[in-house]
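Reading through the structure tokens given below for one structure.
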Amino acid sequence: ARESDRGRIESQNIAIKIIKNYPILGIGYNCFSICPTNFDEGIISRETPHNTFLFIAAETGLLGLVCFSLLS
């Protein structure tokens, strides 16, 4: 379970780094599994964060997150 948790926390940290670097528009829809190599310090992670809000904010930025929140 610890290894699974480590992977999830790592993915969440990558998502937070992406949001800090691209806050308005994110890195692009469906690009999370491609782009993290720029943010993960050499560790290639193909996982997505298990937090829907972090995932949406990383891919579509805070603008996309606001739109998602308004529609849900």
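Ligands are numbered from 1 in the order shown, residues from 1 within each chain, and chains are lettered A, B, ... in the order they appear in the structure tokens.
Using only C-alpha atoms, the protein and nucleic acid residues lying no more than 12 Å from Leu63 of chain A, apart from those fewer than 6 places from it along its own chain, are Ile19, Tyr22, Pro23, Ile24, Leu25, Gly26, Gly28, Phe53, Ile56, Ala57, Ser69 and Leu70 of chain A.
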Got time to write the residues from that selection, all heavy atoms, as an mmCIF file, in the first residue's frame?
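Contents of the output file out_21.cif:
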```cif
data_model
loop_
_atom_site.group_PDB
_atom_site.id
_atom_site.type_symbol
_atom_site.label_atom_id
_atom_site.label_comp_id
_atom_site.auth_asym_id
_atom_site.auth_seq_id
_atom_site.Cartn_x
_atom_site.Cartn_y
_atom_site.Cartn_z
ATOM 1 N N ILE A 19 0.267 23.272 -12.149
ATOM 2 C CA ILE A 19 -0.672 24.369 -11.890
ATOM 3 C C ILE A 19 0.082 25.654 -11.550
ATOM 4 O O ILE A 19 -0.303 26.733 -11.991
ATOM 5 C CB ILE A 19 -1.658 23.980 -10.766
ATOM 6 C CG1 ILE A 19 -2.545 22.825 -11.226
ATOM 7 C CG2 ILE A 19 -2.505 25.172 -10.341
ATOM 8 C CD1 ILE A 19 -3.316 22.155 -10.103
ATOM 9 N N TYR A 22 1.610 26.835 -15.014
ATOM 10 C CA TYR A 22 0.621 27.169 -16.045
ATOM 11 C C TYR A 22 -0.743 27.359 -15.399
ATOM 12 O O TYR A 22 -1.655 26.563 -15.614
ATOM 13 C CB TYR A 22 0.541 26.055 -17.093
ATOM 14 C CG TYR A 22 1.848 25.760 -17.772
ATOM 15 C CD1 TYR A 22 2.631 24.682 -17.382
ATOM 16 C CD2 TYR A 22 2.293 26.563 -18.806
ATOM 17 C CE1 TYR A 22 3.839 24.414 -18.007
ATOM 18 C CE2 TYR A 22 3.497 26.304 -19.435
ATOM 19 C CZ TYR A 22 4.263 25.229 -19.030
ATOM 20 O OH TYR A 22 5.462 24.967 -19.655
ATOM 21 N N PRO A 23 -0.915 28.416 -14.608
ATOM 22 C CA PRO A 23 -2.138 28.538 -13.805
ATOM 23 C C PRO A 23 -3.414 28.830 -14.595
ATOM 24 O O PRO A 23 -4.475 28.333 -14.233
ATOM 25 C CB PRO A 23 -1.824 29.683 -12.850
ATOM 26 C CG PRO A 23 -0.790 30.484 -13.541
ATOM 27 C CD PRO A 23 -0.002 29.518 -14.364
ATOM 28 N N ILE A 24 -3.345 29.588 -15.659
ATOM 29 C CA ILE A 24 -4.570 30.021 -16.339
ATOM 30 C C ILE A 24 -5.123 28.950 -17.265
ATOM 31 O O ILE A 24 -6.285 28.555 -17.160
ATOM 32 C CB ILE A 24 -4.330 31.332 -17.125
ATOM 33 C CG1 ILE A 24 -3.807 32.433 -16.200
ATOM 34 C CG2 ILE A 24 -5.609 31.788 -17.826
ATOM 35 C CD1 ILE A 24 -4.738 32.799 -15.071
ATOM 36 N N LEU A 25 -4.308 28.451 -18.193
ATOM 37 C CA LEU A 25 -4.788 27.513 -19.207
ATOM 38 C C LEU A 25 -4.273 26.087 -19.046
ATOM 39 O O LEU A 25 -4.663 25.205 -19.802
ATOM 40 C CB LEU A 25 -4.425 28.022 -20.607
ATOM 41 C CG LEU A 25 -5.072 29.349 -20.998
ATOM 42 C CD1 LEU A 25 -4.556 29.806 -22.349
ATOM 43 C CD2 LEU A 25 -6.586 29.233 -21.000
ATOM 44 N N GLY A 26 -3.389 25.830 -18.110
ATOM 45 C CA GLY A 26 -2.876 24.483 -17.901
ATOM 46 C C GLY A 26 -1.938 24.052 -19.025
ATOM 47 O O GLY A 26 -1.486 24.857 -19.827
ATOM 48 N N GLY A 28 -2.710 21.683 -21.312
ATOM 49 C CA GLY A 28 -3.466 21.213 -22.471
ATOM 50 C C GLY A 28 -4.242 19.949 -22.156
ATOM 51 O O GLY A 28 -3.793 19.109 -21.387
ATOM 52 N N PHE A 53 -10.092 17.286 -9.314
ATOM 53 C CA PHE A 53 -9.888 18.728 -9.388
ATOM 54 C C PHE A 53 -8.450 19.084 -9.734
ATOM 55 O O PHE A 53 -8.198 19.989 -10.521
ATOM 56 C CB PHE A 53 -10.335 19.394 -8.085
ATOM 57 C CG PHE A 53 -11.789 19.170 -7.799
ATOM 58 C CD1 PHE A 53 -12.187 18.289 -6.814
ATOM 59 C CD2 PHE A 53 -12.753 19.831 -8.535
ATOM 60 C CE1 PHE A 53 -13.532 18.073 -6.567
ATOM 61 C CE2 PHE A 53 -14.112 19.624 -8.295
ATOM 62 C CZ PHE A 53 -14.493 18.742 -7.307
ATOM 63 N N ILE A 56 -7.976 18.214 -13.537
ATOM 64 C CA ILE A 56 -8.590 19.198 -14.429
ATOM 65 C C ILE A 56 -7.810 20.508 -14.396
ATOM 66 O O ILE A 56 -7.560 21.121 -15.435
ATOM 67 C CB ILE A 56 -10.074 19.418 -14.061
ATOM 68 C CG1 ILE A 56 -10.869 18.170 -14.420
ATOM 69 C CG2 ILE A 56 -10.645 20.645 -14.754
ATOM 70 C CD1 ILE A 56 -12.285 18.178 -13.948
ATOM 71 N N ALA A 57 -7.396 20.948 -13.211
ATOM 72 C CA ALA A 57 -6.642 22.198 -13.106
ATOM 73 C C ALA A 57 -5.285 22.085 -13.796
ATOM 74 O O ALA A 57 -4.828 23.040 -14.417
ATOM 75 C CB ALA A 57 -6.459 22.582 -11.645
ATOM 76 N N SER A 69 -16.443 23.386 -12.339
ATOM 77 C CA SER A 69 -17.169 23.548 -11.075
ATOM 78 C C SER A 69 -18.551 24.163 -11.290
ATOM 79 O O SER A 69 -19.509 23.792 -10.615
ATOM 80 C CB SER A 69 -16.374 24.430 -10.121
ATOM 81 O OG SER A 69 -15.151 23.816 -9.806
ATOM 82 N N LEU A 70 -18.648 25.068 -12.243
ATOM 83 C CA LEU A 70 -19.948 25.694 -12.533
ATOM 84 C C LEU A 70 -20.911 24.719 -13.198
ATOM 85 O O LEU A 70 -22.121 24.803 -12.990
ATOM 86 C CB LEU A 70 -19.762 26.914 -13.437
ATOM 87 C CG LEU A 70 -19.089 28.115 -12.788
ATOM 88 C CD1 LEU A 70 -18.835 29.198 -13.829
ATOM 89 C CD2 LEU A 70 -19.925 28.657 -11.640
#
```
Name the residues of chain A that fall into helix (DSSP H, G or I) according to DSSP on the backbone, using the chain letters and numbers of this document, as a PyMOL selection string. chain A and resi 2-21+35-38+52-71
State, in Å with one decimal place, the distance from atom CA of Cys31 of chain A to atom CA of Gly61 of chain A.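 Between atom CA of Cys31 of chain A and atom CA of Gly61 of chain A the gap works out to 12.1 Å.
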State, in Å with one decimal place, the distance from atom CA of Ser4 of chain A to atom CA of His50 of chain A.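 Between atom CA of Ser4 of chain A and atom CA of His50 of chain A the gap works out to 11.2 Å.
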Give me the residues near Arg8 of chain A as a ChimeraX atom specification, where near means some atom within 9 Å (using only C-alpha atoms) and where sequence neighbours in that chain fewer than 3 positions away do not count. /A:3-5,11-13,47-50
Can those selected residues be exported to a file as a PDB file, in the first residue's frame so that it contains all heavy atoms?
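Final output, result29.pdb:
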```pdb
ATOM      1  N   GLU A   3       3.703   1.779  -1.506  1.00  0.00           N
ATOM      2  CA  GLU A   3       4.179   2.067  -2.865  1.00  0.00           C
ATOM      3  C   GLU A   3       3.076   2.726  -3.689  1.00  0.00           C
ATOM      4  O   GLU A   3       3.322   3.662  -4.447  1.00  0.00           O
ATOM      5  CB  GLU A   3       4.657   0.786  -3.543  1.00  0.00           C
ATOM      6  CG  GLU A   3       5.292   0.996  -4.884  1.00  0.00           C
ATOM      7  CD  GLU A   3       6.579   1.800  -4.808  1.00  0.00           C
ATOM      8  OE1 GLU A   3       7.266   1.768  -3.778  1.00  0.00           O
ATOM      9  OE2 GLU A   3       6.893   2.470  -5.815  1.00  0.00           O
ATOM     10  N   SER A   4       1.862   2.256  -3.530  1.00  0.00           N
ATOM     11  CA  SER A   4       0.724   2.853  -4.220  1.00  0.00           C
ATOM     12  C   SER A   4       0.501   4.290  -3.753  1.00  0.00           C
ATOM     13  O   SER A   4       0.262   5.189  -4.564  1.00  0.00           O
ATOM     14  CB  SER A   4      -0.530   2.020  -3.980  1.00  0.00           C
ATOM     15  OG  SER A   4      -1.646   2.620  -4.567  1.00  0.00           O
ATOM     16  N   ASP A   5       0.588   4.489  -2.451  1.00  0.00           N
ATOM     17  CA  ASP A   5       0.431   5.843  -1.903  1.00  0.00           C
ATOM     18  C   ASP A   5       1.533   6.765  -2.402  1.00  0.00           C
ATOM     19  O   ASP A   5       1.282   7.920  -2.718  1.00  0.00           O
ATOM     20  CB  ASP A   5       0.437   5.813  -0.374  1.00  0.00           C
ATOM     21  CG  ASP A   5      -0.810   5.178   0.205  1.00  0.00           C
ATOM     22  OD1 ASP A   5      -1.815   5.060  -0.541  1.00  0.00           O
ATOM     23  OD2 ASP A   5      -0.781   4.794   1.387  1.00  0.00           O
ATOM     24  N   SER A  11       2.186  11.890  -8.087  1.00  0.00           N
ATOM     25  CA  SER A  11       1.345  12.426  -9.158  1.00  0.00           C
ATOM     26  C   SER A  11       0.665  13.723  -8.732  1.00  0.00           C
ATOM     27  O   SER A  11       0.553  14.663  -9.523  1.00  0.00           O
ATOM     28  CB  SER A  11       0.280  11.409  -9.564  1.00  0.00           C
ATOM     29  OG  SER A  11       0.872  10.270 -10.107  1.00  0.00           O
ATOM     30  N   GLN A  12       0.222  13.788  -7.498  1.00  0.00           N
ATOM     31  CA  GLN A  12      -0.404  15.017  -7.002  1.00  0.00           C
ATOM     32  C   GLN A  12       0.606  16.154  -6.932  1.00  0.00           C
ATOM     33  O   GLN A  12       0.279  17.297  -7.270  1.00  0.00           O
ATOM     34  CB  GLN A  12      -1.040  14.769  -5.637  1.00  0.00           C
ATOM     35  CG  GLN A  12      -2.242  13.877  -5.719  1.00  0.00           C
ATOM     36  CD  GLN A  12      -2.816  13.522  -4.367  1.00  0.00           C
ATOM     37  OE1 GLN A  12      -2.289  13.920  -3.328  1.00  0.00           O
ATOM     38  NE2 GLN A  12      -3.892  12.761  -4.368  1.00  0.00           N
ATOM     39  N   ASN A  13       1.833  15.862  -6.520  1.00  0.00           N
ATOM     40  CA  ASN A  13       2.866  16.899  -6.467  1.00  0.00           C
ATOM     41  C   ASN A  13       3.204  17.410  -7.858  1.00  0.00           C
ATOM     42  O   ASN A  13       3.430  18.610  -8.049  1.00  0.00           O
ATOM     43  CB  ASN A  13       4.115  16.374  -5.772  1.00  0.00           C
ATOM     44  CG  ASN A  13       3.904  16.178  -4.284  1.00  0.00           C
ATOM     45  OD1 ASN A  13       3.044  16.809  -3.688  1.00  0.00           O
ATOM     46  ND2 ASN A  13       4.690  15.304  -3.696  1.00  0.00           N
ATOM     47  N   GLU A  47       0.882   7.915 -14.372  1.00  0.00           N
ATOM     48  CA  GLU A  47      -0.353   7.960 -13.601  1.00  0.00           C
ATOM     49  C   GLU A  47      -0.954   9.355 -13.663  1.00  0.00           C
ATOM     50  O   GLU A  47      -0.255  10.331 -13.863  1.00  0.00           O
ATOM     51  CB  GLU A  47      -0.082   7.650 -12.128  1.00  0.00           C
ATOM     52  CG  GLU A  47       0.265   6.247 -11.830  1.00  0.00           C
ATOM     53  CD  GLU A  47       0.395   6.024 -10.337  1.00  0.00           C
ATOM     54  OE1 GLU A  47      -0.236   6.772  -9.557  1.00  0.00           O
ATOM     55  OE2 GLU A  47       1.120   5.128  -9.959  1.00  0.00           O
ATOM     56  N   THR A  48      -2.231   9.413 -13.472  1.00  0.00           N
ATOM     57  CA  THR A  48      -2.887  10.701 -13.296  1.00  0.00           C
ATOM     58  C   THR A  48      -3.174  10.862 -11.814  1.00  0.00           C
ATOM     59  O   THR A  48      -3.286   9.879 -11.093  1.00  0.00           O
ATOM     60  CB  THR A  48      -4.218  10.754 -14.079  1.00  0.00           C
ATOM     61  OG1 THR A  48      -5.071   9.722 -13.618  1.00  0.00           O
ATOM     62  CG2 THR A  48      -3.980  10.608 -15.562  1.00  0.00           C
ATOM     63  N   PRO A  49      -3.260  12.092 -11.341  1.00  0.00           N
ATOM     64  CA  PRO A  49      -3.581  12.254  -9.921  1.00  0.00           C
ATOM     65  C   PRO A  49      -4.979  11.714  -9.653  1.00  0.00           C
ATOM     66  O   PRO A  49      -5.871  11.838 -10.475  1.00  0.00           O
ATOM     67  CB  PRO A  49      -3.513  13.767  -9.701  1.00  0.00           C
ATOM     68  CG  PRO A  49      -3.585  14.375 -11.034  1.00  0.00           C
ATOM     69  CD  PRO A  49      -3.099  13.366 -12.013  1.00  0.00           C
ATOM     70  N   HIS A  50      -5.174  11.108  -8.523  1.00  0.00           N
ATOM     71  CA  HIS A  50      -6.466  10.519  -8.197  1.00  0.00           C
ATOM     72  C   HIS A  50      -7.415  11.562  -7.625  1.00  0.00           C
ATOM     73  O   HIS A  50      -8.386  11.221  -6.977  1.00  0.00           O
ATOM     74  CB  HIS A  50      -6.274   9.366  -7.221  1.00  0.00           C
ATOM     75  CG  HIS A  50      -5.626   8.190  -7.859  1.00  0.00           C
ATOM     76  ND1 HIS A  50      -6.320   7.070  -8.210  1.00  0.00           N
ATOM     77  CD2 HIS A  50      -4.349   7.976  -8.255  1.00  0.00           C
ATOM     78  CE1 HIS A  50      -5.498   6.197  -8.776  1.00  0.00           C
ATOM     79  NE2 HIS A  50      -4.295   6.731  -8.811  1.00  0.00           N
TER      80      HIS A  50
END
```
Choose the residue, out of A:Ala58, A:Ile34, A:Ala1, A:Cys67, that has the smallest atom-to-atom separation from Asn21 of chain A; count only C-alpha atoms. A:Ala58
